[in-house]
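Listing of entry-v3.txt; format and content: compact mmCIF, C-alpha atoms and all ligand atoms.
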```txt
# COMPACT_ATOMS: atom_id res chain seq x y z
CA MET A 428 0.00 0.00 0.00
CA HIS A 429 1.28 3.43 -1.02
CA VAL A 430 0.92 6.33 1.42
CA PRO A 431 0.95 9.64 -0.48
CA PHE A 432 2.41 12.77 1.10
CA PHE A 433 -0.74 14.67 0.26
CA GLU A 434 -3.87 13.88 -1.70
CA LEU A 435 -7.11 15.80 -2.24
CA ARG A 436 -9.83 13.52 -0.86
CA ASP A 437 -13.58 14.00 -0.56
CA PHE A 438 -13.34 15.24 3.02
CA PRO A 439 -15.70 16.04 4.60
CA GLU A 440 -17.71 13.60 2.48
CA GLY A 441 -19.83 15.41 -0.12
CA LEU A 442 -17.40 18.32 -0.45
CA GLU A 443 -16.48 17.43 -4.04
CA ALA A 444 -20.13 17.27 -5.13
CA SER A 445 -20.80 20.69 -3.56
CA ILE A 446 -17.80 22.12 -5.40
CA GLN A 447 -18.94 20.70 -8.73
CA GLU A 448 -22.38 22.18 -8.21
CA LYS A 449 -20.92 25.61 -7.38
CA VAL A 450 -18.56 25.50 -10.38
CA ALA A 451 -21.48 24.67 -12.70
CA PHE A 452 -23.41 27.63 -11.29
CA THR A 453 -20.42 29.96 -11.74
CA LEU A 454 -19.86 28.77 -15.32
CA ALA A 455 -23.51 29.50 -16.12
CA GLU A 456 -23.17 32.94 -14.53
CA LYS A 457 -20.34 33.80 -17.00
CA ARG A 458 -18.84 36.54 -14.82
CA PHE A 459 -15.29 35.25 -15.01
CA VAL A 460 -13.19 38.27 -14.00
CA LEU A 461 -13.83 40.12 -10.70
CA GLY A 462 -17.45 39.02 -10.82
CA PRO A 463 -19.90 38.33 -7.99
CA ALA A 464 -18.12 35.08 -6.99
CA VAL A 465 -14.98 37.08 -6.12
CA THR A 466 -16.88 39.73 -4.16
CA ALA A 467 -18.79 37.01 -2.29
CA PHE A 468 -15.64 35.13 -1.28
CA GLU A 469 -13.91 38.37 -0.22
CA GLU A 470 -16.86 39.19 2.02
CA GLU A 471 -17.07 35.66 3.47
CA PHE A 472 -13.35 35.47 4.18
CA ALA A 473 -13.44 38.95 5.78
CA GLN A 474 -16.22 37.72 8.04
CA TYR A 475 -14.29 34.53 8.88
CA GLN A 476 -11.17 36.56 9.68
CA ASN A 477 -13.15 39.27 11.45
CA VAL A 478 -11.42 42.01 9.43
CA PRO A 479 -13.11 44.75 7.41
CA HIS A 480 -11.25 44.12 4.13
CA VAL A 481 -10.13 41.18 1.99
CA VAL A 482 -8.69 41.66 -1.50
CA GLY A 483 -8.47 38.54 -3.68
CA VAL A 484 -5.36 38.22 -5.85
CA GLY A 485 -3.81 35.69 -8.21
CA ASN A 486 -1.65 33.69 -5.76
CA GLY A 487 0.13 33.83 -2.41
CA TYR A 488 3.29 35.31 -3.86
CA ASP A 489 1.37 38.23 -5.35
CA ALA A 490 -0.46 38.62 -2.03
CA LEU A 491 2.95 39.24 -0.42
CA VAL A 492 4.24 41.52 -3.20
CA LEU A 493 1.07 43.62 -3.33
CA SER A 494 0.96 43.85 0.49
CA LEU A 495 4.47 45.28 0.53
CA LYS A 496 3.65 47.62 -2.39
CA ALA A 497 0.43 48.86 -0.80
CA LEU A 498 2.36 49.69 2.40
CA GLY A 499 4.91 51.68 0.40
CA ILE A 500 7.83 49.32 1.04
CA GLY A 501 10.49 49.37 -1.67
CA GLU A 502 13.96 50.57 -2.67
CA GLY A 503 16.18 51.43 0.31
CA ASP A 504 13.99 49.62 2.84
CA LYS A 505 15.05 46.55 4.77
CA VAL A 506 12.54 43.87 5.69
CA LEU A 507 13.15 41.35 8.51
CA LEU A 508 11.97 37.80 7.81
CA PRO A 509 12.83 34.27 8.97
CA GLY A 510 15.78 32.58 7.25
CA ASN A 511 13.96 29.22 7.17
CA THR A 512 10.85 30.34 5.26
CA TYR A 513 9.71 29.20 1.81
CA ILE A 514 11.50 31.00 -1.04
CA ALA A 515 8.35 32.95 -2.03
CA THR A 516 8.54 35.13 1.09
CA ILE A 517 12.08 36.26 0.30
CA ASN A 518 11.48 36.68 -3.44
CA ALA A 519 8.52 38.97 -2.68
CA VAL A 520 10.74 41.33 -0.66
CA GLN A 521 13.32 41.30 -3.45
CA GLN A 522 10.61 41.87 -6.08
CA VAL A 523 9.54 45.25 -4.62
CA GLY A 524 13.18 46.39 -4.55
CA ALA A 525 13.60 46.12 -0.78
CA THR A 526 16.43 44.22 0.93
CA PRO A 527 15.60 40.98 2.75
CA VAL A 528 17.30 40.60 6.15
CA LEU A 529 17.22 36.95 7.21
CA VAL A 530 16.70 36.39 10.92
CA GLU A 531 17.20 33.11 12.78
CA PRO A 532 14.00 31.38 13.96
CA ASP A 533 13.42 29.95 17.40
CA PRO A 534 14.94 26.43 17.39
CA GLU A 535 11.82 24.91 18.99
CA THR A 536 8.86 26.61 17.27
CA TYR A 537 10.78 27.35 14.02
CA ASN A 538 9.16 30.81 14.03
CA LEU A 539 10.53 34.33 14.50
CA THR A 540 10.42 35.63 18.06
CA ALA A 541 9.93 39.19 19.31
CA ALA A 542 13.36 39.05 21.00
CA GLY A 543 15.08 37.88 17.80
CA ILE A 544 13.39 40.64 15.82
CA ALA A 545 14.27 43.32 18.40
CA LYS A 546 17.97 42.38 18.13
CA ALA A 547 17.91 42.64 14.31
CA ILE A 548 16.31 46.11 14.05
CA THR A 549 18.52 48.79 12.46
CA PRO A 550 17.58 52.31 11.22
CA ASP A 551 16.86 51.19 7.62
CA VAL A 552 14.49 48.40 8.67
CA LYS A 553 11.01 49.44 7.58
CA ALA A 554 8.97 46.28 8.04
CA ILE A 555 8.75 42.86 9.68
CA LEU A 556 7.46 39.84 7.77
CA PRO A 557 6.70 37.03 10.25
CA VAL A 558 5.76 33.67 8.72
CA HIS A 559 3.43 31.30 10.58
CA LEU A 560 5.52 28.36 9.42
CA TYR A 561 4.09 24.84 9.06
CA GLY A 562 0.77 26.11 10.50
CA GLN A 563 1.95 27.40 13.87
CA ALA A 564 1.08 30.98 14.75
CA CYS A 565 3.94 33.32 15.68
CA ASP A 566 3.60 35.13 19.00
CA MET A 567 2.00 38.12 17.25
CA GLU A 568 1.12 40.04 20.40
CA ALA A 569 4.79 40.28 21.39
CA ILE A 570 5.89 40.91 17.80
CA MET A 571 3.38 43.77 17.35
CA GLU A 572 4.63 45.33 20.57
CA VAL A 573 8.21 45.38 19.23
CA ALA A 574 6.98 46.66 15.85
CA ASN A 575 4.87 49.44 17.34
CA GLN A 576 7.66 50.57 19.63
CA ALA A 577 10.05 50.82 16.67
CA GLY A 578 7.40 52.27 14.32
CA LEU A 579 7.67 49.36 11.88
CA LEU A 580 5.10 47.98 9.45
CA VAL A 581 4.08 44.32 9.71
CA VAL A 582 3.07 41.93 6.93
CA GLU A 583 2.06 38.46 8.16
CA ASP A 584 2.73 35.54 5.79
CA CYS A 585 -0.30 33.36 6.57
CA ALA A 586 0.14 31.00 3.59
CA GLN A 587 0.49 27.94 5.85
CA ALA A 588 -1.75 28.92 8.75
CA HIS A 589 -5.36 29.70 7.74
CA GLY A 590 -7.43 29.60 10.92
CA ALA A 591 -4.54 29.46 13.43
CA TYR A 592 -5.10 31.53 16.57
CA VAL A 593 -2.87 33.60 18.83
CA GLY A 594 -4.75 33.96 22.09
CA GLY A 595 -8.33 34.54 20.90
CA GLN A 596 -7.36 36.19 17.62
CA LYS A 597 -6.71 34.62 14.20
CA VAL A 598 -3.46 35.12 12.31
CA GLY A 599 -3.95 37.59 9.49
CA THR A 600 -5.55 40.17 11.78
CA PHE A 601 -2.47 41.61 13.51
CA GLY A 602 -0.33 43.03 10.68
CA HIS A 603 -0.98 46.06 8.47
CA ALA A 604 -1.49 43.82 5.43
CA ASN A 605 -1.48 40.03 5.61
CA ALA A 606 -0.91 37.57 2.79
CA PHE A 607 -2.72 34.26 2.24
CA SER A 608 -2.06 31.61 -0.40
CA PHE A 609 -4.89 29.35 -1.52
CA TYR A 610 -2.60 26.97 -3.41
CA PRO A 611 -4.37 23.56 -3.62
CA THR A 612 -2.38 21.88 -0.81
CA LYS A 613 -2.78 24.73 1.68
CA ASN A 614 -5.21 24.44 4.62
CA LEU A 615 -7.69 26.47 2.56
CA GLY A 616 -6.91 25.47 -1.01
CA ALA A 617 -8.43 26.30 -4.40
CA TYR A 618 -8.31 24.10 -7.51
CA GLY A 619 -5.45 26.14 -8.95
CA ASP A 620 -3.55 29.29 -8.02
CA ALA A 621 -5.27 31.85 -5.80
CA GLY A 622 -4.40 34.26 -3.01
CA GLY A 623 -5.74 37.06 -0.85
CA VAL A 624 -4.76 39.92 1.45
CA THR A 625 -6.47 40.90 4.71
CA THR A 626 -6.20 44.38 6.16
CA GLN A 627 -7.84 46.59 8.78
CA SER A 628 -7.16 49.69 6.65
CA GLU A 629 -9.53 50.95 3.98
CA GLU A 630 -6.69 52.93 2.39
CA VAL A 631 -4.49 49.82 2.10
CA ALA A 632 -7.43 47.84 0.69
CA ASP A 633 -8.09 50.53 -1.97
CA SER A 634 -4.42 50.52 -2.92
CA LEU A 635 -4.44 46.69 -3.21
CA ARG A 636 -7.56 46.78 -5.43
CA LYS A 637 -5.76 49.19 -7.76
CA TYR A 638 -2.46 47.29 -7.88
CA ARG A 639 -4.11 43.97 -8.70
CA ASN A 640 -5.90 45.55 -11.69
CA TYR A 641 -3.22 47.57 -13.56
CA GLY A 642 -3.48 50.49 -11.13
CA GLN A 643 -6.99 51.32 -12.30
CA SER A 644 -9.10 53.69 -10.18
CA GLU A 645 -12.04 53.79 -12.60
CA ARG A 646 -12.33 52.20 -16.00
CA TYR A 647 -9.30 53.26 -18.13
CA TYR A 648 -7.96 55.70 -15.48
CA TYR A 649 -4.78 54.65 -13.65
CA ASP A 650 -3.31 56.08 -10.41
CA VAL A 651 -0.29 53.77 -10.12
CA VAL A 652 1.57 51.27 -12.31
CA GLY A 653 -0.18 48.08 -11.25
CA VAL A 654 -0.15 44.49 -12.45
CA ASN A 655 -2.73 41.89 -13.41
CA SER A 656 -3.21 39.70 -10.35
CA ARG A 657 -6.94 39.19 -9.94
CA LEU A 658 -8.49 36.32 -8.02
CA ASP A 659 -10.17 34.09 -10.61
CA SER A 660 -13.96 33.77 -10.27
CA LEU A 661 -14.02 29.96 -10.51
CA GLN A 662 -11.35 29.69 -7.81
CA ALA A 663 -13.27 32.16 -5.64
CA ALA A 664 -16.44 30.05 -6.02
CA ILE A 665 -14.55 26.91 -4.97
CA LEU A 666 -12.98 28.75 -2.03
CA SER A 667 -16.44 29.87 -0.84
CA VAL A 668 -17.49 26.22 -0.62
CA LYS A 669 -14.30 25.11 1.10
CA LEU A 670 -14.24 28.03 3.55
CA LYS A 671 -17.42 26.62 5.14
CA HIS A 672 -15.41 23.50 6.01
CA LEU A 673 -12.09 25.12 6.96
CA HIS A 674 -12.73 24.64 10.67
CA ALA A 675 -13.51 20.93 10.16
CA LEU A 676 -10.48 20.51 7.89
CA ASN A 677 -8.20 22.09 10.52
CA LEU A 678 -9.74 19.98 13.30
CA GLU A 679 -8.98 16.86 11.24
CA ARG A 680 -5.36 17.96 10.76
CA GLN A 681 -5.11 18.57 14.52
CA ARG A 682 -6.62 15.15 15.28
CA LEU A 683 -4.09 13.41 13.01
CA ALA A 684 -1.24 15.46 14.51
CA LYS A 685 -2.28 14.48 18.03
CA ILE A 686 -2.03 10.80 17.10
CA TYR A 687 1.46 11.30 15.66
CA LEU A 688 2.49 13.27 18.77
CA GLN A 689 1.27 10.49 21.08
CA GLU A 690 2.61 7.57 19.07
CA LEU A 691 6.02 9.02 18.16
CA GLN A 692 6.83 10.48 21.59
CA GLY A 693 10.27 9.26 22.71
CA VAL A 694 10.96 7.28 19.53
CA GLY A 695 14.66 7.38 18.63
CA ASP A 696 16.08 10.91 18.60
CA LEU A 697 12.92 12.31 16.98
CA VAL A 698 12.10 15.91 17.80
CA LEU A 699 8.34 16.43 17.44
CA PRO A 700 6.64 19.76 16.69
CA ALA A 701 6.45 21.92 19.83
CA THR A 702 3.59 24.35 20.33
CA GLN A 703 4.20 27.56 22.23
CA ALA A 704 1.50 28.30 24.83
CA GLY A 705 -1.15 30.58 23.34
CA CYS A 706 0.07 30.07 19.75
CA GLY A 707 -2.22 27.70 17.88
CA HIS A 708 -1.06 25.14 15.32
CA VAL A 709 -3.17 24.03 12.33
CA TYR A 710 -0.55 21.54 11.07
CA HIS A 711 -0.23 22.53 7.44
CA LEU A 712 2.82 20.28 7.74
CA PHE A 713 3.86 17.76 10.40
CA VAL A 714 7.61 18.30 10.57
CA VAL A 715 9.80 16.03 12.70
CA ARG A 716 13.56 16.29 13.14
CA THR A 717 16.25 13.61 13.46
CA SER A 718 20.02 13.42 12.99
CA ARG A 719 19.32 10.42 10.70
CA ARG A 720 16.93 12.31 8.44
CA ASP A 721 18.10 11.05 5.03
CA ALA A 722 18.20 7.40 6.18
CA LEU A 723 14.70 7.71 7.70
CA GLN A 724 13.38 9.18 4.48
CA GLN A 725 14.89 6.33 2.46
CA HIS A 726 13.50 3.74 4.87
CA LEU A 727 9.99 5.21 4.49
CA GLN A 728 10.33 5.49 0.72
CA ALA A 729 11.25 1.78 0.53
CA LYS A 730 7.89 1.15 2.22
CA GLU A 731 6.14 3.39 -0.33
CA ILE A 732 5.58 6.16 2.20
CA THR A 733 6.24 9.54 0.63
CA THR A 734 7.80 12.27 2.75
CA LEU A 735 9.16 15.71 1.82
CA ILE A 736 11.78 18.09 3.18
CA HIS A 737 10.65 21.66 3.94
CA TYR A 738 13.12 22.97 2.91
CA PRO A 739 16.37 21.17 1.99
CA VAL A 740 18.47 24.25 1.10
CA PRO A 741 17.82 27.52 2.94
CA ALA A 742 17.53 30.69 0.85
CA HIS A 743 20.89 32.12 1.94
CA LEU A 744 22.66 29.09 0.43
CA GLN A 745 20.77 29.19 -2.89
CA PRO A 746 22.54 30.56 -6.00
CA SER A 747 19.71 33.10 -6.41
CA TYR A 748 20.68 34.71 -3.09
CA ALA A 749 24.46 34.70 -3.54
CA HIS A 750 24.24 38.53 -3.60
CA LEU A 751 23.34 38.56 0.11
CA ASN A 752 26.93 37.37 0.70
CA LEU A 753 25.95 35.00 3.49
CA LYS A 754 28.06 31.90 4.15
CA ALA A 755 27.28 28.34 5.26
CA GLY A 756 28.32 29.29 8.82
CA ASP A 757 25.80 32.16 8.97
CA LEU A 758 22.29 31.35 10.26
CA PRO A 759 23.33 28.08 11.99
CA ILE A 760 19.83 27.33 13.34
CA THR A 761 18.32 27.70 9.86
CA LYS A 762 21.01 25.41 8.44
CA GLU A 763 20.50 22.80 11.18
CA LEU A 764 16.73 22.76 10.56
CA ALA A 765 17.32 22.24 6.83
CA ASN A 766 19.63 19.30 7.58
CA THR A 767 17.37 17.50 10.05
CA SER A 768 13.72 18.22 9.13
CA LEU A 769 11.36 15.72 7.54
CA SER A 770 7.64 16.24 6.85
CA LEU A 771 5.43 13.18 7.41
CA PRO A 772 2.20 12.64 5.43
CA LEU A 773 -0.74 14.47 7.03
CA PHE A 774 -3.84 15.60 5.16
CA PRO A 775 -7.62 15.66 5.70
CA GLY A 776 -9.04 12.33 4.59
CA MET A 777 -5.88 10.37 5.43
CA THR A 778 -7.07 6.96 6.66
CA GLU A 779 -6.32 5.34 10.00
CA GLN A 780 -4.62 2.52 8.10
CA GLU A 781 -2.34 4.94 6.26
CA GLN A 782 -1.33 6.76 9.43
CA SER A 783 -0.68 3.46 11.26
CA LEU A 784 1.64 2.38 8.45
CA VAL A 785 3.65 5.60 8.80
CA ILE A 786 3.87 5.26 12.60
CA LYS A 787 4.85 1.58 12.37
CA ALA A 788 7.54 2.26 9.77
CA VAL A 789 9.04 5.16 11.75
CA LYS A 790 9.15 3.05 14.95
CA GLN A 791 10.70 0.15 13.04
CA PHE A 792 13.45 2.43 11.69
CA PHE A 793 14.53 3.47 15.20
CA ALA A 794 14.02 0.01 16.80
C1 LIG A 801 2.81 28.62 -0.42
C2 LIG A 801 3.55 29.74 0.23
C3 LIG A 801 3.69 31.00 -0.38
C4 LIG A 801 3.33 31.28 -1.81
O1 LIG A 801 2.06 30.96 -2.20
P1 LIG A 801 1.72 30.65 -3.74
O2 LIG A 801 0.24 30.69 -3.77
O3 LIG A 801 2.31 29.33 -4.09
O4 LIG A 801 2.32 31.76 -4.56
C5 LIG A 801 4.28 32.02 0.35
N1 LIG A 801 4.76 31.81 1.59
C6 LIG A 801 4.68 30.61 2.19
C7 LIG A 801 5.22 30.45 3.57
C8 LIG A 801 4.09 29.53 1.53
O5 LIG A 801 4.03 28.33 2.13
```

If you took the structure in this file and wrote it as structure tokens, what would it be?
Amino acid sequence: MHVPFFELRDFPEGLEASIQEKVAFTLAEKRFVLGPAVTAFEEEFAQYQNVPHVVGVGNGYDALVLSLKALGIGEGDKVLLPGNTYIATINAVQQVGATPVLVEPDPETYNLTAAGIAKAITPDVKAILPVHLYGQACDMEAIMEVANQAGLLVVEDCAQAHGAYVGGQKVGTFGHANAFSFYPTKNLGAYGDAGGVTTQSEEVADSLRKYRNYGQSERYYYDVVGVNSRLDSLQAAILSVKLKHLHALNLERQRLAKIYLQELQGVGDLVLPATQAGCGHVYHLFVVRTSRRDALQQHLQAKEITTLIHYPVPAHLQPSYAHLNLKAGDLPITKELANTSLSLPLFPGMTEQEQSLVIKAVKQFFA
């Protein structure tokens, strides 16, 4: 039996039929670009997030780029972000002409901390870009305190953490503009590329609406040089259906994670995901660490269990970031995480039999 790393399953049962029905309706409506399906999803997601504004865009990367643009971050500005994030976060900072400053994450939560950020602040730092990595919320209350004291802007990268809470408040409600990806494998996923930005500010929302549509203020009148990054109507319609089940999908991820946490406790030298008090985890990924990472991955592959490494080479050691002039010895925590991390299969609809196979194979490896 093959255990996939991730598969879209009909979970909760009936979800696929509801999506097909909604897609058929949206096709018949024929309002494919910025039509009523987009407005409806923006309103529903704003309600879910408890924020006044959501602007749908083409993908998570554009959500980051347009957030930075709308906040006026660009040439000459430095942006603090975690060294161990996905490449998209760093590319977005580079794309607007700002300079990414990679900060070490906490070795236990893998997220930026307020103390780490405070130490990295210099006069040309304009913004902080915390990433709720693998589904765990950063300690946003402490981070906002540091940001407010230093007068810095905050963009949350929520691409892996839809529905994660800090205290009683969801991620994507703390920063000045907050980016979501709705890539198919994400906790809230479309059937193709899609993204969105949440903000408390009407001015930022207006700016985002212009940037995503060539800079247009009214038809054929342009205030800024924008791009084409509009949320597709069919994707918006699908997201409206899935949003209704996001809570159930996250609960299922948390249930599966709890089983892994119980069953793999104390096995070999495995380090299991640690959750900081008050910072919720929605387990976009279930990342374990071991000094024998590559051998464990091979052992699981031989048993047809697919695992992935998030991420094998950190940004500062990629050829595309050679210009940052960072060396292998810089960012030692980031490097160590890249060398030891392994993501186990975890997705809504994963069967008990599949998860037992993974647990059994991991235990057997360390026996
Ligand atoms: C997926 C992801 C993105 C980019 O989203 P896309 O929709 O693929 O462009 C950005 N940041 C993080 C942390 C991600 O996981």

Report as a ChimeraX atom specification which protein, DNA and RNA residues come within 7 Å of ligand LIG 801 (chain A), using only C-alpha atoms and all ligand atoms.
-> /A:486-489,512-513,515-516,558,560,584-587,608-610,620-622

Show which residues sit within 12 Å of range 472-480 of chain A, as a PDB file with C-alpha atoms, in the frame of the given file. Count only C-alpha atoms, and ignore same-chain residues fewer than 2 positions away.
```pdb
ATOM      1  CA  VAL A 465     -14.980  37.080  -6.120  1.00  0.00           C
ATOM      2  CA  THR A 466     -16.880  39.730  -4.160  1.00  0.00           C
ATOM      3  CA  ALA A 467     -18.790  37.010  -2.290  1.00  0.00           C
ATOM      4  CA  PHE A 468     -15.640  35.130  -1.280  1.00  0.00           C
ATOM      5  CA  GLU A 469     -13.910  38.370  -0.220  1.00  0.00           C
ATOM      6  CA  GLU A 470     -16.860  39.190   2.020  1.00  0.00           C
ATOM      7  CA  VAL A 482      -8.690  41.660  -1.500  1.00  0.00           C
ATOM      8  CA  GLY A 483      -8.470  38.540  -3.680  1.00  0.00           C
ATOM      9  CA  CYS A 585      -0.300  33.360   6.570  1.00  0.00           C
ATOM     10  CA  HIS A 589      -5.360  29.700   7.740  1.00  0.00           C
ATOM     11  CA  GLY A 590      -7.430  29.600  10.920  1.00  0.00           C
ATOM     12  CA  ALA A 591      -4.540  29.460  13.430  1.00  0.00           C
ATOM     13  CA  TYR A 592      -5.100  31.530  16.570  1.00  0.00           C
ATOM     14  CA  GLY A 595      -8.330  34.540  20.900  1.00  0.00           C
ATOM     15  CA  GLN A 596      -7.360  36.190  17.620  1.00  0.00           C
ATOM     16  CA  LYS A 597      -6.710  34.620  14.200  1.00  0.00           C
ATOM     17  CA  VAL A 598      -3.460  35.120  12.310  1.00  0.00           C
ATOM     18  CA  GLY A 599      -3.950  37.590   9.490  1.00  0.00           C
ATOM     19  CA  THR A 600      -5.550  40.170  11.780  1.00  0.00           C
ATOM     20  CA  PHE A 601      -2.470  41.610  13.510  1.00  0.00           C
ATOM     21  CA  GLY A 602      -0.330  43.030  10.680  1.00  0.00           C
ATOM     22  CA  HIS A 603      -0.980  46.060   8.470  1.00  0.00           C
ATOM     23  CA  ALA A 604      -1.490  43.820   5.430  1.00  0.00           C
ATOM     24  CA  ASN A 605      -1.480  40.030   5.610  1.00  0.00           C
ATOM     25  CA  PHE A 607      -2.720  34.260   2.240  1.00  0.00           C
ATOM     26  CA  PHE A 609      -4.890  29.350  -1.520  1.00  0.00           C
ATOM     27  CA  LEU A 615      -7.690  26.470   2.560  1.00  0.00           C
ATOM     28  CA  GLY A 622      -4.400  34.260  -3.010  1.00  0.00           C
ATOM     29  CA  GLY A 623      -5.740  37.060  -0.850  1.00  0.00           C
ATOM     30  CA  VAL A 624      -4.760  39.920   1.450  1.00  0.00           C
ATOM     31  CA  THR A 625      -6.470  40.900   4.710  1.00  0.00           C
ATOM     32  CA  THR A 626      -6.200  44.380   6.160  1.00  0.00           C
ATOM     33  CA  GLN A 627      -7.840  46.590   8.780  1.00  0.00           C
ATOM     34  CA  SER A 628      -7.160  49.690   6.650  1.00  0.00           C
ATOM     35  CA  GLU A 629      -9.530  50.950   3.980  1.00  0.00           C
ATOM     36  CA  GLU A 630      -6.690  52.930   2.390  1.00  0.00           C
ATOM     37  CA  VAL A 631      -4.490  49.820   2.100  1.00  0.00           C
ATOM     38  CA  ALA A 632      -7.430  47.840   0.690  1.00  0.00           C
ATOM     39  CA  ASP A 633      -8.090  50.530  -1.970  1.00  0.00           C
ATOM     40  CA  SER A 634      -4.420  50.520  -2.920  1.00  0.00           C
ATOM     41  CA  LEU A 635      -4.440  46.690  -3.210  1.00  0.00           C
ATOM     42  CA  ARG A 636      -7.560  46.780  -5.430  1.00  0.00           C
ATOM     43  CA  ALA A 663     -13.270  32.160  -5.640  1.00  0.00           C
ATOM     44  CA  ALA A 664     -16.440  30.050  -6.020  1.00  0.00           C
ATOM     45  CA  LEU A 666     -12.980  28.750  -2.030  1.00  0.00           C
ATOM     46  CA  SER A 667     -16.440  29.870  -0.840  1.00  0.00           C
ATOM     47  CA  VAL A 668     -17.490  26.220  -0.620  1.00  0.00           C
ATOM     48  CA  LYS A 669     -14.300  25.110   1.100  1.00  0.00           C
ATOM     49  CA  LEU A 670     -14.240  28.030   3.550  1.00  0.00           C
ATOM     50  CA  LYS A 671     -17.420  26.620   5.140  1.00  0.00           C
ATOM     51  CA  HIS A 672     -15.410  23.500   6.010  1.00  0.00           C
ATOM     52  CA  LEU A 673     -12.090  25.120   6.960  1.00  0.00           C
ATOM     53  CA  HIS A 674     -12.730  24.640  10.670  1.00  0.00           C
TER      54      HIS A 674
END
```

Would you list the contacts of range 710-713 of chain A as a count of residues only, taking every protein, DNA or RNA residue within 7 Å and counting all atoms listed in the file, but skipping same-chain residues closer than 6 positions in sequence?
-> 13

Give the answer as one residue: which of A:Leu539, A:Ala464, A:Val492, A:Leu688 has the shortest atom-to-atom distance to Asn518 in chain A, using all atoms listed in the file?
->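 Of the candidates, the smallest distance to Asn518 in chain A is held by A:Val492.
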
Pick from A:Gln745, A:Ser718, A:Ser494, A:Ser445: nearest to Ala606 in chain A, with only C-alpha atoms counted?
-> A:Ser494

Go through A:Ser656, A:Ser768, A:Asn538, A:Thr733 and flag the residue nearest Leu556 in chain A, using only C-alpha atoms for the distances.
->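 Result for the nearest residue to Leu556 in chain A: A:Asn538.
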
Any chance you could model N, CA, C and O atoms for range 488-499 of chain A and send them as a short mmCIF file (atom, residue, chain, number, x, y, z; two decimals), in the coordinates of the input?
```cif
data_model
loop_
_atom_site.label_atom_id
_atom_site.label_comp_id
_atom_site.auth_asym_id
_atom_site.auth_seq_id
_atom_site.Cartn_x
_atom_site.Cartn_y
_atom_site.Cartn_z
N TYR A 488 2.12 34.47 -3.59
CA TYR A 488 3.29 35.31 -3.86
C TYR A 488 2.85 36.74 -4.16
O TYR A 488 3.39 37.71 -3.59
N ASP A 489 1.87 36.89 -5.04
CA ASP A 489 1.37 38.23 -5.35
C ASP A 489 0.73 38.88 -4.12
O ASP A 489 0.80 40.10 -3.95
N ALA A 490 0.12 38.07 -3.27
CA ALA A 490 -0.46 38.62 -2.03
C ALA A 490 0.64 39.28 -1.20
O ALA A 490 0.44 40.36 -0.63
N LEU A 491 1.82 38.66 -1.15
CA LEU A 491 2.95 39.24 -0.42
C LEU A 491 3.47 40.50 -1.12
O LEU A 491 3.67 41.54 -0.49
N VAL A 492 3.69 40.39 -2.44
CA VAL A 492 4.24 41.52 -3.20
C VAL A 492 3.30 42.72 -3.11
O VAL A 492 3.73 43.85 -2.83
N LEU A 493 2.01 42.50 -3.33
CA LEU A 493 1.07 43.62 -3.33
C LEU A 493 0.88 44.19 -1.93
O LEU A 493 0.67 45.39 -1.77
N SER A 494 1.00 43.34 -0.90
CA SER A 494 0.96 43.85 0.49
C SER A 494 2.10 44.83 0.73
O SER A 494 1.89 45.93 1.26
N LEU A 495 3.30 44.42 0.34
CA LEU A 495 4.47 45.28 0.53
C LEU A 495 4.31 46.57 -0.27
O LEU A 495 4.57 47.67 0.23
N LYS A 496 3.87 46.45 -1.51
CA LYS A 496 3.65 47.62 -2.39
C LYS A 496 2.64 48.58 -1.77
O LYS A 496 2.86 49.79 -1.72
N ALA A 497 1.52 48.02 -1.33
CA ALA A 497 0.43 48.86 -0.80
C ALA A 497 0.87 49.59 0.47
O ALA A 497 0.34 50.65 0.79
N LEU A 498 1.85 49.04 1.18
CA LEU A 498 2.36 49.69 2.40
C LEU A 498 3.51 50.63 2.08
O LEU A 498 4.10 51.22 2.99
N GLY A 499 3.86 50.74 0.81
CA GLY A 499 4.91 51.68 0.40
C GLY A 499 6.32 51.18 0.69
O GLY A 499 7.25 51.98 0.83
#
```
